[in-house]
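Trainee: Below is one structure. I have some questions about it.
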Amino acid sequence: MRSCNTNCVEKPLSLGFRKFGRCVGKYPWWFLVLPLVLAGGLGSGFYFLSDRERNDIEEQFTPNNGLAKAERAFVKDRFPASEAFSQLRLYTEGTYASLIITSGANILTVEALQEILALDGKVKSITAGNSLTFQSLCAKSGNKCVTSAVLNIVNYNASQIQGTAISYPFNSGVFLGTEVGGVTLKSDNQTIESAKAIRLYYFLKDDLAKETDEWLLAFLKVLSQEANSKTLSISYFTSLSRQEEFKKSPETVIPFFSATYFLAITISVVSCLRLDCVRNKVWVASFGALSAGLAVLSSFGLLLLCGMPFAMTVTTAPFLILGIGVDDMFIMISSWQKTNVHDAVENRLAKTYEEAAVSITITTLTNMLAFYIGIMSSFPSVQSFCVYTGTAILFCYIYNVTFFGAFLAFNGRREKSNRHWLTCMVVEHPKPNAKNNMCAVGGAYDPVTKTEEEMPINTFFKKFYGPFLTKSWTKVGVVLIYAVYLAGSIYGCTQIKEGIELKNLAPDDSYVAKYYDNQHEYFTEFGPNVMVVVKDEAFPYWSESAVQDLNTCLEQFQKLDMVATNMTMFWLDYYLRYGEQIHANLSAKTTFFMHLRPFLTVSGFSQDVNVNYTTQQIYASRLFVQTINIRTAVDEKNMLAAFRQTAEDCPVPLLVYHPAFIYFDQYAVIVSNTIQNVLVATLVMLIISLLLIPNPLCSVWVTFAIASVIAGVAGFMALWDVNLDSISMINLVICVGFSVDFSAHISYACVSSQATTADGKVIDALYNLGYPIIQGAISTVAGVVVLAAVQSYIFRTFFKIMFLVILFGALHGLVFIPVFLTFFGICSSKNSEVTNDSEPVEVSSEQPGSVQNRQKHAYFNPYMNQQRSERCGFSTAG
């Protein structure tokens with residue numbers, strides 16, 4: 001079975017790539033020019049970028065199948081907008097501008113109110129476009145613009161605040177909880193003694209989108225120039241603000257693209273730098289980074305041509321693709337360096353492809369599948385990112401085996417002619433035991449293996465790090481370190497917060513952040529006023545028994561911790577009291593409907609009952625439940641869950657809704673979505689491991705490493721102030737693919753080693769793959785490290801989690817997995833395999849990692865041949 005796994009899958013791939021590599025080596029111009037032409041053609045898709053952009057926050061960062069969206073549709077259908085404006089009854093957030101004015105002392109003073117009234121007058125005098133004034137655009141009730149409840153109390157006369165007693169939270173039946181904040185009550189607990197903040201709303205008509213947008217933009221322009229006074233601080237916001245500021249986030253990252261490419265190219269060049277002026281790979285490294293850039297250009301262009309939505313989260317993908325592409329380059333260079341320098345270029349490239357292309361194929365397949373599995377997410381922003389990134393990885397692979405391979409062939413021709421890497425002038429070959437000028441002499445190679453000389457760091461892993469890691473006391477220390485790591489991960493997982501805070505969608509220095517901070521500080525005592533809808537069209541409101549059942553349900557709402565006492569507003573309660581006053585028997589259906597119309601007309605509840613008087617049927621009605629102390633994301637999640645569960649438990653069909661529930665819905669699916677994506681991706685990675693790695697125990701270790709790295713990333717991201725949201729979900733999916741890369745090859749290299757002891761196998765594996773792991777980790781981190789400086793939560797989150805993924809992945813590959821493998825029989829198995837049906841391979845007594853030993857056994861085991869080729873440059877992240 002093991003022989004079939006190895007030979008039936010890997011050997012045909014190796015032979016196929018060998019033929020392809022020889023073709024690239026013979027005709028490099030075709031494989032260099034055609035990718036450039038393809039990239040240029042597909043890059044034309046960027047012409048449609050503006051048309052494909054999808055920056056709507058609700059569309060991208062709320063689940064497609066969110067329950068609140070269906071609830072909103074029901075409310076909109078049953079309770080259409082009325083000409084008489086009511087903020088309480090909006091099924092959207094509405095169209096508005098808002099100010100929060102704060103003071104360190106009491107803001108309810110004559111001086112403070114005079115400044116506030118002056119500011120209010122300035123806002124109402126704003127004109128936009130063709131004489132678009134607030135008066136012409138304002139939302140009205142009773143043919144008058146809806147105005148501030150606080151300013152109405154003093155009749156827009158600041159001096160009247162003296163001697164005026166203001167009740168809280170209701171003053172003459174008007175709710176002040178959303179307009180007055182930081183309140184201190186007098187000893188009667190009903191009258192305001194002082195307040196620190198006042199919020200003013202300026203609501204506009206919803207059916208004049210173009211005109212109101214113009215006025216709101218003019219509002220933002222005026223307020224951005226408004227200086228704070230010595231005593232008051234002003235923050236401002238509009239219904240457009242989140243969206244407008246969200247669109248600015250990508251602008252904060254554009255300047256970092258050039259820095260990223262410079263850093264990646266620099267690291268690539270340094271990593272491939274040689275003192276030998278012929279064997280130097282400076283230009284090869286540069287073209288490797290260029291290959292990754294072409295992959296981004298082609299993949300994004302193709303998808304834009306196909307009409308794929310381009311979400312803002314996709315702008316983080318190029319940073320990741322650059323790291324992956326550079327890692328693939330390391331594989332190719334490493335395999336090239338271990339080919340015979342005297343062979344023809346096409347033969348060297350054929351051997352390079354035979355060994356390296358299989359490795360690239362495996363890691364590309366795992367990473368690409370990990371991203372495409374992310375399409376299962378309910379969040380369009382995640383779906384868009386995964387499609388673009390998965391496709392870019394595929395193009396990165398294509399260009400590495402064509403464009404980059406072609407340049408490697410050209411570079412091989414230069415090396416074959418023993419020409420200088422910079423001047424292309426022919427230089428002398430080095431002479432034995434002679435002091436050579438490294439600028440005029442080059443082309444050195446190992447006289448025994450006829451390959452390029454090895455890197456010193458490989459010797460470090462073999463002679464120093466490997467023996468140190470396999471000492472008994474070191475293993476004990478590693479186990480203790482892992483225990484601390486696991487404990488920290490588990491603790492962090494218990495601290496995870498769910499959901500993305502809306503202010504984090506704007507740049508850090510945005511005015512939106514100040515407004516949200518003031519709102520959180522002064523206006524969180526009262527939360528959303530939740531709409532509870534009776535959606536049963538046949539519900540008999542006149543029946544005492546039916547109403548009793550409904551009231552029992554409403555009592556359950558009142559028992560919730562987050563519901564304010566005696567603040568529920570239900571039209572039916574007022575109607576029944578009205579019936580008592582007029583001595584009408586409302587338990588009779590005919591009488592009930594006879595008096596309902598005049599009651600609704602005078603009471604102001606006409607928008608809360610969808611009734612057909614002709615058929616005497618109420619299609620739906622609603623009431624409002626006031627919540628309190630909704631200060632954190634956890635409070636929002638608990639409130640949503642409690643309200644929906646209470647509604648579900650009620651025998652009367654109920655629906656609960658508030659416009660904020662559209663965003664709160666992410667709490668209902670984010671955990672299940674993340675777990676689903678991670679589990680499916682992990683299962684797929686396990687299946688791939690079982691197919692391509694001929695040892696089931698090795699595949700189990702790969703799965704263990706994936707679970708361990710994901711636990712670490714999830715735990716420590718919480719300790720690093722990263723919430724579990726659609727942004728971090730993307731990175732946890734990435735975590736699966738990268739975990740495979742870090743763990744699969746180190747564990748299999750240990751299993752397939754021909755050393756006679758478990759410790760020897762581990763030393764051999766580290767000798768072969770230690771440096772490539774470091775190369776892959778550094779290059780991938782380099783691709784995203786500049787995002788740490790971006791003034792945007794989305795990009796910083798991407799950096800934080802990618803850093804944790806690479807850090808913990810490398811830690812498992814270089815420390816934990818090697819030590820754990822020495823504890824089990826997997827690394828102490830007999831050192832012989834049957835690879836060609838019945839021919840046993842004898843065990844060499846040579847030292848682990850020796851050239852002769854690896855060459856001998858590579859002949860019988862194609863995968864071992866691959867492992868041999870990876871000792872200097874196998875990428876762990878590509």
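Starting from 1 in every chain, residues are counted up; chains themselves are A, B, ... following the order of the structure tokens, and ligands are numbered from 1 as listed.
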At a cut-off of 6 Å, using only C-alpha atoms, what residues contact range 523-537 of chain A? Leave out same-chain residues fewer than 4 positions from it and give the result as a ChimeraX atom specification.
Mentor: /A:181,519,619-631,653-658
Trainee: Counting only C-alpha atoms, which residues in range 365-469 of chain A sit no more than 9 Å from range 758-770 of chain A? For each one, give the nearest pair of atoms and the distance in Å, sorted by chain then residue number, as a Markdown table.
Mentor:
| residue | atom | partner | partner_atom | distance |
| --- | --- | --- | --- | --- |
| A:Ile457 | CA | A:Gly770 | CA | 8.6 |
| A:Asn458 | CA | A:Tyr767 | CA | 5.6 |
| A:Thr459 | CA | A:Tyr767 | CA | 7.2 |
| A:Phe460 | CA | A:Tyr767 | CA | 8.1 |
| A:Phe461 | CA | A:Tyr767 | CA | 5.1 |
| A:Lys462 | CA | A:Tyr767 | CA | 5.0 |
| A:Lys463 | CA | A:Ile763 | CA | 8.6 |
| A:Tyr465 | CA | A:Ile763 | CA | 8.2 |
| A:Gly466 | CA | A:Ile763 | CA | 4.6 |
| A:Pro467 | CA | A:Ile763 | CA | 6.7 |
| A:Leu469 | CA | A:Ile763 | CA | 8.5 |
Trainee: Quick one: pick out all strand (DSSP E) residues within range 189-379 of chain A from a backbone DSSP run and write them as a count of residues only.
Mentor: 20
Trainee: Could you pull the residues within 12 Å of Pro447 in chain A, counting only C-alpha atoms, minus those fewer than 3 positions along the same chain, as a ChimeraX atom specification?
Mentor: /A:340-342,430,432,443-444,450-453
Trainee: Include C-alpha atoms and write out the residues we just selected as a CSV table (one decimal), in the first residue's frame.
Mentor:
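Final output, saved to part_18.csv:
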chain,number,residue,atom,x,y,z
A,340,ASN,CA,25.3,18.5,-11.5
A,341,VAL,CA,26.9,21.7,-12.6
A,342,HIS,CA,28.4,20.0,-15.7
A,430,PRO,CA,38.8,28.8,-8.9
A,432,PRO,CA,42.7,24.6,-5.6
A,443,GLY,CA,32.0,29.0,-10.5
A,444,ALA,CA,33.1,26.9,-7.5
A,450,LYS,CA,29.5,18.0,-8.6
A,451,THR,CA,26.8,20.2,-7.1
A,452,GLU,CA,27.0,23.8,-5.8
A,453,GLU,CA,28.4,24.2,-2.3
Trainee: Which neighbours of Phe319 in chain A fall inside 6 Å, counting only C-alpha atoms, when residues of the same chain fewer than 3 positions from it are skipped, and could you give them as a ChimeraX atom specification?
Mentor: /A:316,322,783-784
Trainee: Using N, CA, C and O atoms, can you export the residues from the last selection as a tab-separated table (two decimals), in the first residue's frame?
Mentor:
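Once written, out.tsv looks like this:
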chain	number	residue	atom	x	y	z
A	316	THR	N	-5.60	42.77	1.10
A	316	THR	CA	-4.53	42.18	1.92
A	316	THR	C	-3.86	41.00	1.22
A	316	THR	O	-2.76	40.59	1.59
A	322	LEU	N	2.83	37.44	-2.17
A	322	LEU	CA	4.24	37.73	-2.36
A	322	LEU	C	5.10	36.78	-1.52
A	322	LEU	O	6.09	36.23	-2.00
A	783	GLY	N	6.33	39.50	3.97
A	783	GLY	CA	5.27	39.92	3.08
A	783	GLY	C	4.14	40.65	3.76
A	783	GLY	O	3.38	41.36	3.11
A	784	VAL	N	4.02	40.50	5.07
A	784	VAL	CA	2.89	41.12	5.78
A	784	VAL	C	3.32	42.05	6.90
A	784	VAL	O	2.48	42.73	7.49
Trainee: Of the residues A:Ala344, A:Ala165, A:Val781, A:Cys138, which is the one nearest to Val326 in chain A, using only C-alpha atoms?
Mentor: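 For Val326 in chain A, the nearest of the given residues is A:Val781.
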Trainee: Mind checking which residues fall within 8 Å of Thr780 in chain A, counting only C-alpha atoms, ignoring those fewer than 5 positions away in the same chain, and posting them as a PyMOL selection string?
Mentor: chain A and resi 320+322-324+327+806+877
Trainee: Can I get the selected residues back with all heavy atoms, as a CSV table (one decimal), in the first residue's frame?
Mentor:
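Done, and the output landed in out_4.csv:
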chain,number,residue,atom,x,y,z
A,320,LEU,N,0.2,38.5,1.1
A,320,LEU,CA,0.4,37.1,1.4
A,320,LEU,C,0.9,36.4,0.2
A,320,LEU,O,1.8,35.5,0.3
A,320,LEU,CB,-1.0,36.5,1.8
A,320,LEU,CG,-1.1,35.0,2.0
A,320,LEU,CD1,-0.2,34.7,3.2
A,320,LEU,CD2,-2.5,34.6,2.3
A,322,LEU,N,2.8,37.4,-2.2
A,322,LEU,CA,4.2,37.7,-2.4
A,322,LEU,C,5.1,36.8,-1.5
A,322,LEU,O,6.1,36.2,-2.0
A,322,LEU,CB,4.5,39.2,-2.0
A,322,LEU,CG,6.0,39.6,-2.1
A,322,LEU,CD1,6.5,39.4,-3.5
A,322,LEU,CD2,6.2,41.1,-1.6
A,323,GLY,N,4.7,36.6,-0.3
A,323,GLY,CA,5.4,35.6,0.6
A,323,GLY,C,5.4,34.2,0.1
A,323,GLY,O,6.4,33.5,0.0
A,324,ILE,N,4.2,33.8,-0.4
A,324,ILE,CA,4.1,32.4,-0.9
A,324,ILE,C,4.9,32.2,-2.2
A,324,ILE,O,5.6,31.2,-2.4
A,324,ILE,CB,2.6,32.1,-1.2
A,324,ILE,CG1,1.9,32.0,0.2
A,324,ILE,CG2,2.5,30.8,-1.9
A,324,ILE,CD1,0.4,31.8,0.0
A,327,ASP,N,8.6,31.9,-1.5
A,327,ASP,CA,8.9,30.6,-1.0
A,327,ASP,C,9.0,29.5,-2.1
A,327,ASP,O,9.9,28.7,-2.0
A,327,ASP,CB,7.8,30.2,0.0
A,327,ASP,CG,7.8,31.1,1.2
A,327,ASP,OD1,8.8,31.8,1.4
A,327,ASP,OD2,6.7,31.2,1.9
A,806,ILE,N,2.7,32.0,11.4
A,806,ILE,CA,4.0,31.6,11.0
A,806,ILE,C,4.9,31.3,12.3
A,806,ILE,O,5.6,30.3,12.2
A,806,ILE,CB,4.7,32.8,10.2
A,806,ILE,CG1,3.8,33.1,9.0
A,806,ILE,CG2,6.1,32.5,9.9
A,806,ILE,CD1,3.7,31.9,8.1
A,877,ALA,N,5.9,27.5,3.4
A,877,ALA,CA,4.7,28.2,3.3
A,877,ALA,C,4.2,28.4,1.9
A,877,ALA,O,3.2,29.0,1.7
A,877,ALA,CB,5.0,29.6,3.9
Trainee: Which residues of range 123-217 of chain A sit at most 7 Å from range 87-106 of chain A, using only C-alpha atoms? Give each one's shortest atom pair and distance in Å (one decimal place), in chain and ascending residue order, as a tab-separated table.
Mentor:
residue	atom	partner	partner_atom	distance
A:Ser194	CA	A:Asn106	CA	5.1
A:Ala195	CA	A:Asn106	CA	5.2
A:Lys196	CA	A:Ser103	CA	5.2
A:Ala197	CA	A:Thr102	CA	4.3
A:Ile198	CA	A:Ile101	CA	5.4
A:Arg199	CA	A:Ile100	CA	4.4
A:Leu200	CA	A:Leu99	CA	5.2
A:Tyr201	CA	A:Ser98	CA	4.6
A:Tyr202	CA	A:Ala97	CA	5.1
A:Phe203	CA	A:Tyr96	CA	4.2
A:Leu204	CA	A:Thr95	CA	5.4
A:Lys205	CA	A:Thr95	CA	6.8
A:Asp206	CA	A:Thr95	CA	6.0
A:Leu216	CA	A:Ala97	CA	6.7
Trainee: For the residues in that selection, give me N, CA, C and O atoms as a short mmCIF file (atom, residue, chain, number, x, y, z; two decimals), in the first residue's frame.
Mentor:
data_model
loop_
_atom_site.label_atom_id
_atom_site.label_comp_id
_atom_site.auth_asym_id
_atom_site.auth_seq_id
_atom_site.Cartn_x
_atom_site.Cartn_y
_atom_site.Cartn_z
N SER A 194 -27.14 66.74 36.91
CA SER A 194 -26.14 67.20 35.95
C SER A 194 -26.01 66.15 34.84
O SER A 194 -26.42 65.00 35.00
N ALA A 195 -25.42 66.58 33.74
CA ALA A 195 -25.17 65.67 32.62
C ALA A 195 -23.89 66.11 31.94
O ALA A 195 -23.52 67.29 31.99
N LYS A 196 -23.22 65.17 31.30
CA LYS A 196 -21.93 65.46 30.66
C LYS A 196 -22.00 65.47 29.13
O LYS A 196 -21.03 65.88 28.48
N ALA A 197 -23.09 64.99 28.57
CA ALA A 197 -23.16 64.92 27.10
C ALA A 197 -24.58 65.13 26.61
O ALA A 197 -25.55 64.73 27.26
N ILE A 198 -24.66 65.76 25.46
CA ILE A 198 -25.93 65.92 24.75
C ILE A 198 -25.72 65.45 23.32
O ILE A 198 -24.72 65.80 22.68
N ARG A 199 -26.68 64.69 22.81
CA ARG A 199 -26.60 64.24 21.43
C ARG A 199 -27.76 64.86 20.64
O ARG A 199 -28.92 64.79 21.05
N LEU A 200 -27.42 65.43 19.51
CA LEU A 200 -28.40 66.04 18.63
C LEU A 200 -28.51 65.20 17.36
O LEU A 200 -27.50 64.81 16.77
N TYR A 201 -29.74 64.90 16.95
CA TYR A 201 -29.99 64.19 15.70
C TYR A 201 -30.63 65.14 14.69
O TYR A 201 -31.46 65.98 15.04
N TYR A 202 -30.24 64.95 13.43
CA TYR A 202 -30.85 65.71 12.34
C TYR A 202 -31.30 64.69 11.29
O TYR A 202 -30.51 64.30 10.41
N PHE A 203 -32.54 64.25 11.39
CA PHE A 203 -33.06 63.22 10.49
C PHE A 203 -33.56 63.86 9.20
O PHE A 203 -34.19 64.92 9.20
N LEU A 204 -33.28 63.13 8.10
CA LEU A 204 -33.68 63.60 6.78
C LEU A 204 -34.63 62.59 6.14
O LEU A 204 -34.76 61.45 6.60
N LYS A 205 -35.27 63.01 5.07
CA LYS A 205 -36.19 62.13 4.36
C LYS A 205 -35.43 60.95 3.74
O LYS A 205 -34.33 61.12 3.23
N ASP A 206 -36.04 59.78 3.75
CA ASP A 206 -35.40 58.59 3.20
C ASP A 206 -35.58 58.45 1.69
O ASP A 206 -34.90 57.66 1.05
N LEU A 216 -25.52 65.71 3.58
CA LEU A 216 -24.72 65.06 4.61
C LEU A 216 -23.22 65.26 4.36
O LEU A 216 -22.45 65.46 5.31
#
Trainee: DSSP on the backbone, alpha helix (DSSP H) only: what residues of range 224-393 of chain A does that give? Format it as a VMD selection string.
Mentor: chain A and resid 224 241 to 253 255 to 272 282 to 305 317 to 337 345 to 373 380 to 393
Trainee: Could the residues in this selection be saved with C-alpha atoms as a tab-separated table (two decimals), in the first residue's frame?
Mentor:
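The file below, out.tsv, is the result:
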chain	number	residue	atom	x	y	z
A	224	SER	CA	-14.53	68.92	10.07
A	241	SER	CA	-19.93	58.01	7.69
A	242	ARG	CA	-19.20	54.31	8.20
A	243	GLN	CA	-19.41	53.63	4.50
A	244	GLU	CA	-17.38	56.67	3.43
A	245	GLU	CA	-14.64	56.03	5.96
A	246	PHE	CA	-14.59	52.32	5.20
A	247	LYS	CA	-13.81	53.14	1.57
A	248	LYS	CA	-10.77	55.09	2.72
A	249	SER	CA	-9.18	52.09	4.47
A	250	PRO	CA	-7.49	50.68	1.34
A	251	GLU	CA	-5.89	54.08	0.77
A	252	THR	CA	-3.99	53.67	4.02
A	253	VAL	CA	-2.27	50.52	2.74
A	255	PRO	CA	1.90	53.32	0.21
A	256	PHE	CA	3.03	50.08	1.83
A	257	PHE	CA	2.92	47.98	-1.35
A	258	SER	CA	6.22	49.36	-2.58
A	259	ALA	CA	7.79	48.91	0.84
A	260	THR	CA	6.61	45.31	0.92
A	261	TYR	CA	8.05	44.46	-2.47
A	262	PHE	CA	11.33	46.18	-1.61
A	263	LEU	CA	11.53	44.21	1.63
A	264	ALA	CA	10.62	40.92	-0.04
A	265	ILE	CA	13.13	41.40	-2.84
A	266	THR	CA	15.80	42.40	-0.33
A	267	ILE	CA	15.20	39.31	1.80
A	268	SER	CA	15.12	37.12	-1.30
A	269	VAL	CA	18.38	38.57	-2.56
A	270	VAL	CA	20.09	38.27	0.80
A	271	SER	CA	18.82	34.71	1.20
A	272	CYS	CA	20.16	33.77	-2.23
A	282	VAL	CA	20.64	37.97	-7.13
A	283	TRP	CA	18.78	38.33	-10.44
A	284	VAL	CA	17.08	34.98	-9.96
A	285	ALA	CA	15.72	36.16	-6.61
A	286	SER	CA	14.50	39.42	-8.14
A	287	PHE	CA	12.65	37.59	-10.91
A	288	GLY	CA	11.11	35.29	-8.28
A	289	ALA	CA	9.51	38.30	-6.62
A	290	LEU	CA	8.44	39.59	-10.04
A	291	SER	CA	6.78	36.24	-10.71
A	292	ALA	CA	4.61	36.70	-7.61
A	293	GLY	CA	3.63	40.17	-8.82
A	294	LEU	CA	2.60	38.77	-12.19
A	295	ALA	CA	0.47	36.18	-10.37
A	296	VAL	CA	-1.44	38.92	-8.55
A	297	LEU	CA	-1.89	40.90	-11.77
A	298	SER	CA	-3.17	37.87	-13.70
A	299	SER	CA	-5.43	36.32	-11.08
A	300	PHE	CA	-7.06	39.57	-10.02
A	301	GLY	CA	-7.44	40.68	-13.64
A	302	LEU	CA	-9.04	37.38	-14.66
A	303	LEU	CA	-11.57	37.45	-11.83
A	304	LEU	CA	-12.39	41.10	-12.47
A	305	LEU	CA	-13.01	40.23	-16.12
A	317	ALA	CA	-4.03	39.24	-0.46
A	318	PRO	CA	-1.04	40.61	-2.47
A	319	PHE	CA	1.04	40.76	0.70
A	320	LEU	CA	0.36	37.10	1.38
A	321	ILE	CA	0.86	36.03	-2.25
A	322	LEU	CA	4.24	37.73	-2.36
A	323	GLY	CA	5.42	35.64	0.60
A	324	ILE	CA	4.11	32.41	-0.90
A	325	GLY	CA	5.61	33.14	-4.32
A	326	VAL	CA	9.03	33.87	-2.90
A	327	ASP	CA	8.90	30.60	-0.96
A	328	ASP	CA	8.21	28.65	-4.16
A	329	MET	CA	11.24	30.33	-5.65
A	330	PHE	CA	13.39	29.00	-2.81
A	331	ILE	CA	12.34	25.47	-3.69
A	332	MET	CA	13.35	25.85	-7.31
A	333	ILE	CA	16.70	27.45	-6.49
A	334	SER	CA	17.45	24.79	-3.88
A	335	SER	CA	16.81	21.94	-6.29
A	336	TRP	CA	18.83	23.67	-9.01
A	337	GLN	CA	21.80	24.00	-6.67
A	345	VAL	CA	21.00	23.38	-18.80
A	346	GLU	CA	17.91	21.53	-19.98
A	347	ASN	CA	19.00	18.41	-18.06
A	348	ARG	CA	19.65	20.43	-14.91
A	349	LEU	CA	16.26	22.07	-15.22
A	350	ALA	CA	14.60	18.70	-15.87
A	351	LYS	CA	16.14	17.37	-12.65
A	352	THR	CA	15.11	20.52	-10.81
A	353	TYR	CA	11.50	20.14	-11.92
A	354	GLU	CA	11.47	16.43	-11.16
A	355	GLU	CA	12.33	17.11	-7.54
A	356	ALA	CA	10.99	20.61	-6.77
A	357	ALA	CA	7.80	20.81	-8.81
A	358	VAL	CA	6.20	17.94	-6.89
A	359	SER	CA	6.83	19.78	-3.61
A	360	ILE	CA	5.39	22.99	-5.03
A	361	THR	CA	2.39	21.07	-6.35
A	362	ILE	CA	1.64	19.50	-2.97
A	363	THR	CA	1.87	22.74	-1.00
A	364	THR	CA	0.02	24.73	-3.68
A	365	LEU	CA	-2.76	22.18	-3.64
A	366	THR	CA	-3.15	22.30	0.14
A	367	ASN	CA	-3.06	26.09	0.36
A	368	MET	CA	-5.36	26.57	-2.61
A	369	LEU	CA	-7.92	24.11	-1.25
A	370	ALA	CA	-7.76	25.74	2.17
A	371	PHE	CA	-8.77	29.03	0.59
A	372	TYR	CA	-11.43	27.64	-1.72
A	373	ILE	CA	-13.01	25.88	1.26
A	380	PRO	CA	-19.25	37.77	1.27
A	381	SER	CA	-16.04	39.51	2.38
A	382	VAL	CA	-14.57	36.11	3.29
A	383	GLN	CA	-15.81	34.50	0.09
A	384	SER	CA	-14.29	37.24	-2.05
A	385	PHE	CA	-10.93	37.07	-0.29
A	386	CYS	CA	-10.74	33.29	-0.56
A	387	VAL	CA	-11.60	33.22	-4.27
A	388	TYR	CA	-9.06	35.90	-5.17
A	389	THR	CA	-6.30	34.49	-2.97
A	390	GLY	CA	-6.86	30.87	-3.97
A	391	THR	CA	-6.75	31.83	-7.65
A	392	ALA	CA	-3.63	33.95	-7.09
A	393	ILE	CA	-1.89	30.96	-5.49
Trainee: A:Gln791, A:Gly66, A:Phe85, A:Phe219: which is nearest Pro507 in chain A, counting only C-alpha atoms?
Mentor: A:Gln791
Trainee: Go ahead and compute the interatomic distance for CA of Leu691 in chain A and CA of His812 in chain A, in Å to one decimal.
Mentor: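 Distance between the two atoms: 22.6 Å.
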Trainee: Return the single residue from A:Val180, A:Leu67, A:Leu600, A:Cys306 that is closest to Leu49 in chain A, with distances computed using only C-alpha atoms.
Mentor: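 Of the candidates, the smallest distance to Leu49 in chain A is held by A:Cys306.
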Trainee: Using only C-alpha atoms, determine which residues lie at most 8 Å from Thr402 in chain A, disregarding the query and same-chain residues fewer than 5 positions distant; provide the list as a CSV table (one decimal) with N, CA, C and O atoms, in the first residue's frame.
Mentor:
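The result, stored in selection_38.csv:
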chain,number,residue,atom,x,y,z
A,24,VAL,N,11.1,23.5,-20.9
A,24,VAL,CA,11.4,24.9,-20.5
A,24,VAL,C,12.8,25.2,-20.7
A,24,VAL,O,13.2,26.3,-21.2
A,31,PHE,N,8.6,30.4,-22.7
A,31,PHE,CA,8.1,30.4,-21.3
A,31,PHE,C,8.3,31.7,-20.5
A,31,PHE,O,7.8,31.9,-19.5
A,32,LEU,N,9.2,32.5,-21.1
A,32,LEU,CA,9.4,33.8,-20.4
A,32,LEU,C,8.5,34.9,-21.0
A,32,LEU,O,7.9,35.7,-20.2
A,35,PRO,N,4.1,34.1,-20.5
A,35,PRO,CA,3.5,34.6,-19.2
A,35,PRO,C,3.4,36.1,-19.1
A,35,PRO,O,2.4,36.6,-18.6
